[in-house]
file model-v3.cif (mmCIF, C-alpha atoms)
data_run
#
loop_
_atom_site.label_atom_id
_atom_site.label_comp_id
_atom_site.auth_asym_id
_atom_site.auth_seq_id
_atom_site.Cartn_x
_atom_site.Cartn_y
_atom_site.Cartn_z
CA MET A 16 0.00 0.00 0.00
CA GLN A 17 1.35 3.40 -0.96
CA VAL A 18 1.77 5.88 1.89
CA ASP A 19 1.62 9.61 1.15
CA GLU A 20 4.83 11.34 2.10
CA LYS A 21 4.60 14.03 4.74
CA ARG A 22 6.84 16.93 5.64
CA ALA A 23 6.84 18.62 9.04
CA CYS A 24 6.52 22.40 9.25
CA PRO A 25 9.70 23.88 10.79
CA SER A 26 7.61 26.61 12.46
CA CYS A 27 4.76 24.73 14.13
CA GLY A 28 5.49 21.05 13.47
CA GLY A 29 2.28 20.51 11.54
CA ASP A 30 2.16 17.59 9.07
CA ASN A 31 1.90 18.75 5.46
CA PRO A 32 1.86 16.92 2.13
CA ALA A 33 5.29 16.58 0.58
CA THR A 34 4.18 18.80 -2.28
CA ALA A 35 2.92 21.64 -0.03
CA ALA A 36 4.54 25.04 -0.49
CA PHE A 37 3.17 26.40 2.78
CA CYS A 38 1.93 25.00 6.05
CA TRP A 39 -1.81 24.43 6.30
CA ARG A 40 -1.78 25.33 9.99
CA CYS A 41 0.40 28.47 10.34
CA TYR A 42 0.87 29.45 6.67
CA ALA A 43 4.65 29.43 7.07
CA PRO A 44 6.44 28.84 3.71
CA LEU A 45 7.95 25.38 3.46
CA GLY A 46 10.61 26.23 0.88
CA GLN A 47 11.05 24.33 -2.37
CA ALA A 48 8.38 21.67 -2.64
CA ALA A 49 9.41 18.08 -3.27
CA ALA A 50 9.32 16.86 -6.83
CA THR A 51 6.10 15.39 -8.04
CA PRO A 52 6.56 12.34 -10.22
CA THR A 53 4.66 12.23 -13.49
CA ARG A 54 3.32 9.15 -15.26
CA ALA A 55 6.27 9.26 -17.59
CA GLY A 56 8.60 9.24 -14.64
CA VAL A 57 9.79 12.79 -15.26
CA ALA A 58 9.90 14.89 -12.14
CA ALA A 59 8.27 18.30 -12.33
CA PRO A 60 8.29 20.91 -9.58
CA ALA A 61 4.97 21.44 -7.98
CA ARG A 62 3.58 24.95 -8.50
CA MET A 63 1.56 25.82 -5.46
CA PRO A 64 0.13 29.25 -4.80
CA ALA A 65 2.19 31.54 -2.66
CA ALA A 66 1.36 31.69 1.03
CA PRO A 67 -1.30 34.30 1.74
CA SER A 68 -0.13 37.52 3.33
CA PHE A 69 -1.65 38.45 6.69
CA PRO A 70 -1.16 41.71 8.58
CA PRO A 71 0.66 41.42 11.90
CA PRO A 72 -1.61 41.04 14.92
CA PRO A 73 -2.43 44.26 16.77
CA VAL A 74 -0.16 45.08 19.64
CA ALA A 75 -2.03 45.22 22.93
CA GLY A 76 -1.79 48.51 24.74
CA PRO A 77 -3.58 50.60 27.35
CA PRO A 78 -7.12 51.72 26.46
CA PRO A 79 -7.42 55.26 25.11
CA SER A 80 -7.73 57.78 27.88
CA VAL A 81 -10.95 59.78 28.19
CA PRO A 82 -10.26 63.37 29.10
CA ALA A 83 -11.85 64.55 32.30
CA PRO A 84 -14.47 67.29 31.95
CA SER A 85 -12.87 70.70 31.89
CA ARG A 86 -13.50 72.77 34.97
CA SER A 87 -12.13 75.95 33.42
CA SER A 88 -15.61 77.25 32.73
CA GLY A 89 -16.67 76.87 36.37
CA ILE A 90 -19.97 75.43 35.23
CA SER A 91 -19.20 71.75 34.78
CA TRP A 92 -20.19 70.83 38.34
CA GLY A 93 -23.72 72.15 37.80
CA VAL A 94 -24.09 70.58 34.38
CA ARG A 95 -23.22 67.17 35.78
CA LEU A 96 -25.70 67.48 38.64
CA ALA A 97 -28.39 68.91 36.37
CA VAL A 98 -28.05 66.14 33.80
CA GLY A 99 -28.32 63.48 36.51
CA ALA A 100 -31.29 65.14 38.19
CA LEU A 101 -33.25 65.76 34.98
CA ALA A 102 -32.52 62.30 33.60
CA ALA A 103 -33.98 60.79 36.75
CA LEU A 104 -37.09 62.96 36.71
CA VAL A 105 -37.78 62.71 32.99
CA GLY A 106 -36.74 59.12 32.47
CA TYR A 107 -38.48 57.55 35.42
CA PHE A 108 -41.64 59.58 35.60
CA GLY A 109 -42.34 60.54 32.01
CA VAL A 110 -43.50 64.07 32.78
CA GLN A 111 -46.18 64.91 30.23
CA ALA A 112 -45.60 67.84 27.92
CA VAL A 113 -47.91 70.85 27.91
CA PHE A 114 -48.63 72.43 24.53
CA GLY A 115 -47.73 76.07 23.98
CA GLY A 116 -44.68 78.25 23.58
CA GLY A 117 -42.73 76.51 26.29
CA PRO A 118 -41.14 77.84 29.48
CA SER A 119 -38.67 80.71 29.57
CA LEU A 120 -36.30 82.19 32.13
CA PRO A 121 -35.55 85.90 32.66
CA ASP A 122 -32.29 87.64 31.73
CA THR A 123 -31.87 88.74 35.35
CA LEU A 124 -32.97 86.80 38.40
CA ALA A 125 -32.58 87.89 42.03
CA GLY A 126 -30.42 90.77 40.79
CA THR A 127 -28.00 88.38 39.06
CA PRO A 128 -27.45 88.45 35.28
CA ARG A 129 -27.92 85.45 33.07
CA MET A 130 -24.55 84.14 31.88
CA THR A 131 -23.86 84.38 28.15
CA SER A 132 -20.55 82.49 27.93
CA GLN A 133 -20.23 79.61 25.51
CA ALA A 134 -20.26 77.15 28.41
CA ALA A 135 -23.54 78.63 29.66
CA LYS A 136 -25.07 78.46 26.18
CA ASP A 137 -23.96 74.85 25.82
CA PHE A 138 -25.64 74.07 29.13
CA GLU A 139 -28.92 75.65 27.99
CA LYS A 140 -28.83 73.69 24.73
CA GLN A 141 -27.98 70.42 26.47
CA MET A 142 -30.98 70.75 28.76
CA ALA A 143 -33.30 71.72 25.88
CA ASP A 144 -32.06 68.77 23.80
CA GLN A 145 -32.72 66.41 26.70
CA GLY A 146 -36.27 67.70 26.77
CA LYS A 147 -36.74 67.19 23.04
CA ARG A 148 -35.62 63.58 23.32
CA ASN A 149 -38.48 63.05 25.79
CA ASP A 150 -41.11 65.25 24.10
CA LEU A 151 -40.76 67.87 26.81
CA LYS A 152 -40.07 71.58 26.90
CA ILE A 153 -37.20 72.42 29.20
CA ALA A 154 -35.62 75.83 29.82
CA ALA A 155 -32.34 76.27 31.65
CA ALA A 156 -30.01 79.12 32.54
CA ALA A 157 -26.91 79.81 34.62
CA TYR A 158 -26.73 83.08 36.55
CA GLY A 159 -23.55 84.80 37.68
CA ALA A 160 -21.27 87.76 37.06
CA GLY A 161 -18.07 85.78 36.41
CA THR A 162 -17.11 82.45 34.89
CA THR A 163 -18.53 80.51 37.82
CA PRO A 164 -22.32 80.55 38.21
CA ASP A 165 -23.89 81.68 41.46
CA PHE A 166 -26.86 79.45 40.72
CA MET A 167 -28.52 77.48 37.92
CA VAL A 168 -32.22 77.14 37.19
CA MET A 169 -34.05 74.49 35.15
CA LEU A 170 -37.73 74.51 34.33
CA ILE A 171 -39.73 71.57 32.95
CA GLN A 172 -43.13 72.43 31.55
CA GLY A 173 -45.43 69.56 32.36
CA SER A 174 -47.11 67.52 35.05
CA SER A 175 -46.81 64.06 36.53
CA LEU A 176 -49.06 61.61 38.31
CA GLU A 177 -46.27 60.80 40.77
CA SER A 178 -46.26 62.42 44.19
CA THR A 179 -43.84 65.24 44.99
CA ASP A 180 -41.99 62.98 47.43
CA GLN A 181 -41.53 60.31 44.76
CA MET A 182 -40.28 62.87 42.26
CA PHE A 183 -37.89 64.39 44.79
CA ASP A 184 -36.52 60.96 45.68
CA GLN A 185 -35.64 60.42 42.02
CA PHE A 186 -34.26 63.95 41.80
CA VAL A 187 -31.89 63.20 44.69
CA GLN A 188 -31.01 59.79 43.29
CA GLY A 189 -30.12 61.39 39.97
CA MET A 190 -27.69 63.81 41.63
CA SER A 191 -26.19 60.97 43.67
CA SER A 192 -25.59 58.99 40.47
CA SER A 193 -23.61 61.99 39.22
CA GLY A 194 -21.15 61.65 42.10
CA ALA A 195 -22.65 64.10 44.59
CA SER A 196 -23.08 63.50 48.31
CA ILE A 197 -26.55 64.31 49.66
CA ASP A 198 -27.19 65.38 53.26
CA SER A 199 -30.78 64.18 53.58
CA ALA A 200 -30.87 65.01 57.28
CA GLY A 201 -30.24 68.66 56.49
CA GLY A 202 -33.10 68.94 54.02
CA ASP A 203 -36.21 71.10 54.12
CA SER A 204 -39.68 70.63 52.66
CA GLY A 205 -42.95 72.47 52.66
CA GLN A 206 -45.71 74.08 50.66
CA ARG A 207 -46.27 77.65 49.54
CA GLY A 208 -49.79 78.10 48.26
CA SER A 209 -50.36 75.27 45.77
CA THR A 210 -46.63 74.84 45.19
CA GLU A 211 -44.75 72.07 47.00
CA TYR A 212 -40.99 72.29 47.41
CA ARG A 213 -38.11 70.17 48.65
CA CYS A 214 -34.48 71.25 49.34
CA VAL A 215 -31.34 69.38 50.30
CA PRO A 216 -27.61 70.16 50.85
CA VAL A 217 -25.36 68.79 48.10
CA SER A 218 -21.58 68.48 47.96
CA THR A 219 -18.90 67.20 45.61
CA THR A 220 -15.16 66.90 46.07
CA SER A 221 -14.76 70.61 45.34
CA VAL A 222 -18.17 72.23 45.80
CA THR A 223 -20.63 72.76 48.62
CA ALA A 224 -24.08 73.64 47.33
CA ALA A 225 -27.79 73.22 47.85
CA ALA A 226 -30.50 71.96 45.50
CA CYS A 227 -34.21 72.68 45.57
CA MET A 228 -37.12 71.41 43.52
CA TRP A 229 -40.62 72.86 43.27
CA ARG A 230 -43.68 71.29 41.78
CA ASP A 231 -47.01 72.94 40.88
CA GLU A 232 -49.81 72.29 38.39
CA THR A 233 -47.85 73.19 35.26
CA ASN A 234 -44.12 73.19 36.07
CA VAL A 235 -41.35 71.33 37.78
CA GLY A 236 -38.53 73.69 38.70
CA ILE A 237 -34.99 73.04 39.92
CA VAL A 238 -32.52 75.46 41.51
CA LEU A 239 -28.86 74.57 42.18
CA LYS A 240 -26.99 77.18 44.23
CA LEU A 241 -23.22 77.19 44.49
CA ASN A 242 -21.86 77.78 47.99
CA GLY A 243 -25.38 78.21 49.27
CA GLY A 244 -27.33 76.82 52.16
CA VAL A 245 -30.79 75.32 52.14
CA ALA A 246 -32.52 78.44 53.53
CA ASP A 247 -31.20 80.93 50.98
CA THR A 248 -31.64 78.42 48.14
CA ARG A 249 -35.27 77.98 49.18
CA ASP A 250 -35.77 81.76 49.06
CA LEU A 251 -34.13 81.83 45.64
CA LEU A 252 -36.47 79.06 44.52
CA PHE A 253 -39.48 81.21 45.48
CA THR A 254 -38.03 84.12 43.51
CA ALA A 255 -37.47 81.91 40.46
CA HIS A 256 -40.94 80.39 40.80
CA ASP A 257 -42.63 83.80 40.92
CA ALA A 258 -40.60 85.02 37.94
CA VAL A 259 -41.68 82.24 35.60
CA VAL A 260 -45.20 81.38 36.76
#

call {"tool": "encode", "arguments": {"input": "model-v3.cif", "output": "structure tokens"}}
result
Amino acid sequence: MQVDEKRACPSCGGDNPATAAFCWRCYAPLGQAAATPTRAGVAAPARMPAAPSFPPPPVAGPPPSVPAPSRSSGISWGVRLAVGALAALVGYFGVQAVFGGGPSLPDTLAGTPRMTSQAAKDFEKQMADQGKRNDLKIAAAAYGAGTTPDFMVMLIQGSSLESTDQMFDQFVQGMSSSGASIDSAGGDSGQRGSTEYRCVPVSTTSVTAAACMWRDETNVGIVLKLNGGVADTRDLLFTAHDAVV
């Protein structure tokens, strides 16, 4: 019985036919193939296709670094908290939109001008875009005389079937998910006319602040005050509420 001749690959040791020009396992070239006898007994070199060319495997390395949010604008802390808070309110409770022109915020609030820096404009647009993605109308503004806001206000036009306590719990949870520490024991809650409000101290690694939320028949409002306490943030909330309602 005739036994097919084999040749071992010098790279991986794989068995290959004697006429193979490259290894079937690792594609390493095997050099000049052995002669293939013909019926007439005349040896002819086997003409096998050249070994396919493969690119070298990628070299493993550290994952690309993600730059940390810039704090040069002095507004990034509020944006992060606001995004977390609004995402929790809008995403979990599906506040229903109210038809009309939408909410608006004044150019001056509590004697403080509305910021017009690019960072402040980006914040306003980011909040409005978040509303559009959820069929809501959301207005937002940062107020301050320098590059760092004194306070930020967000206004959602709509209503919800959830209780104010349930909404505030999600509001706080949203800020917590953004990396803030919440002092629930130092909070304040109450009602002013038909408007219910909740306030709580908030802190990050570099900022001490306070956050308040109000809820009435047509709006859900949020005030974040930098370097503020609960009492003065609550008073600011009333000023903002009266200015937009």

call {"tool": "atom_distance", "arguments": {"input": "model-v3.cif", "atom1": "CA of Met130 (chain A)", "atom2": "CA of Pro164 (chain A)"}}
result
7.6 Å

call {"tool": "resolve_selection", "arguments": {"input": "model-v3.cif", "expression": "the PyMOL selection byres ((chain A and resi 254) around 12)", "output": "PyMOL selection string"}}
result
chain A and resi 120-121+123-127+168+229+236+238+247-253+255-260

call {"tool": "atom_distance", "arguments": {"input": "model-v3.cif", "atom1": "CA of Ile171 (chain A)", "atom2": "CA of Asn234 (chain A)"}}
result
5.6 Å

call {"tool": "residues_near_point", "arguments": {"input": "model-v3.cif", "point": "(-21.3, 65.2, 45.6)", "cutoff": "10 Å", "atoms": "all atoms listed in the file", "output": "list in words"}}
result
Trp92, Leu96, Met190, Ser191, Ser192, Ser193, Gly194, Ala195, Ser196, Ile197, Asp198, Pro216, Val217, Ser218, Thr219, Thr220, Ser221, Val222, Thr223 and Ala224 of chain A

call {"tool": "atom_distance", "arguments": {"input": "model-v3.cif", "atom1": "CA of Gly189 (chain A)", "atom2": "CA of Asp203 (chain A)"}}
result
18.2 Å

call {"tool": "resolve_selection", "arguments": {"input": "model-v3.cif", "expression": "the PyMOL selection byres ((chain A and resi 206) around 12)", "output": "list in words"}}
result
Thr179, Asp203, Ser204, Gly205, Arg207, Gly208, Ser209, Thr210, Glu211, Tyr212, Arg213, Cys214, Met228, Trp229, Arg230, Asp231, Arg249 and Phe253 of chain A

call {"tool": "closest_residue", "arguments": {"input": "model-v3.cif", "among": "A:Ala160, A:Ala100, A:Val187, A:Val105", "to": "Arg129 (chain A)", "atoms": "only C-alpha atoms"}}
result
A:Ala160

call {"tool": "residues_around", "arguments": {"input": "model-v3.cif", "residues": "Cys38 (chain A)", "least_positions_apart": "4", "cutoff": "10 Å", "atoms": "only C-alpha atoms", "output": "NGL selection string"}}
result
:A and (22-32 or 42-45 or 66)

call {"tool": "resolve_selection", "arguments": {"input": "model-v3.cif", "expression": "the PyMOL selection byres ((chain A and resi 140) around 12)", "output": "number ranges by chain"}}
result
A: 94, 98, 133-139, 141-147, 152-157, 169
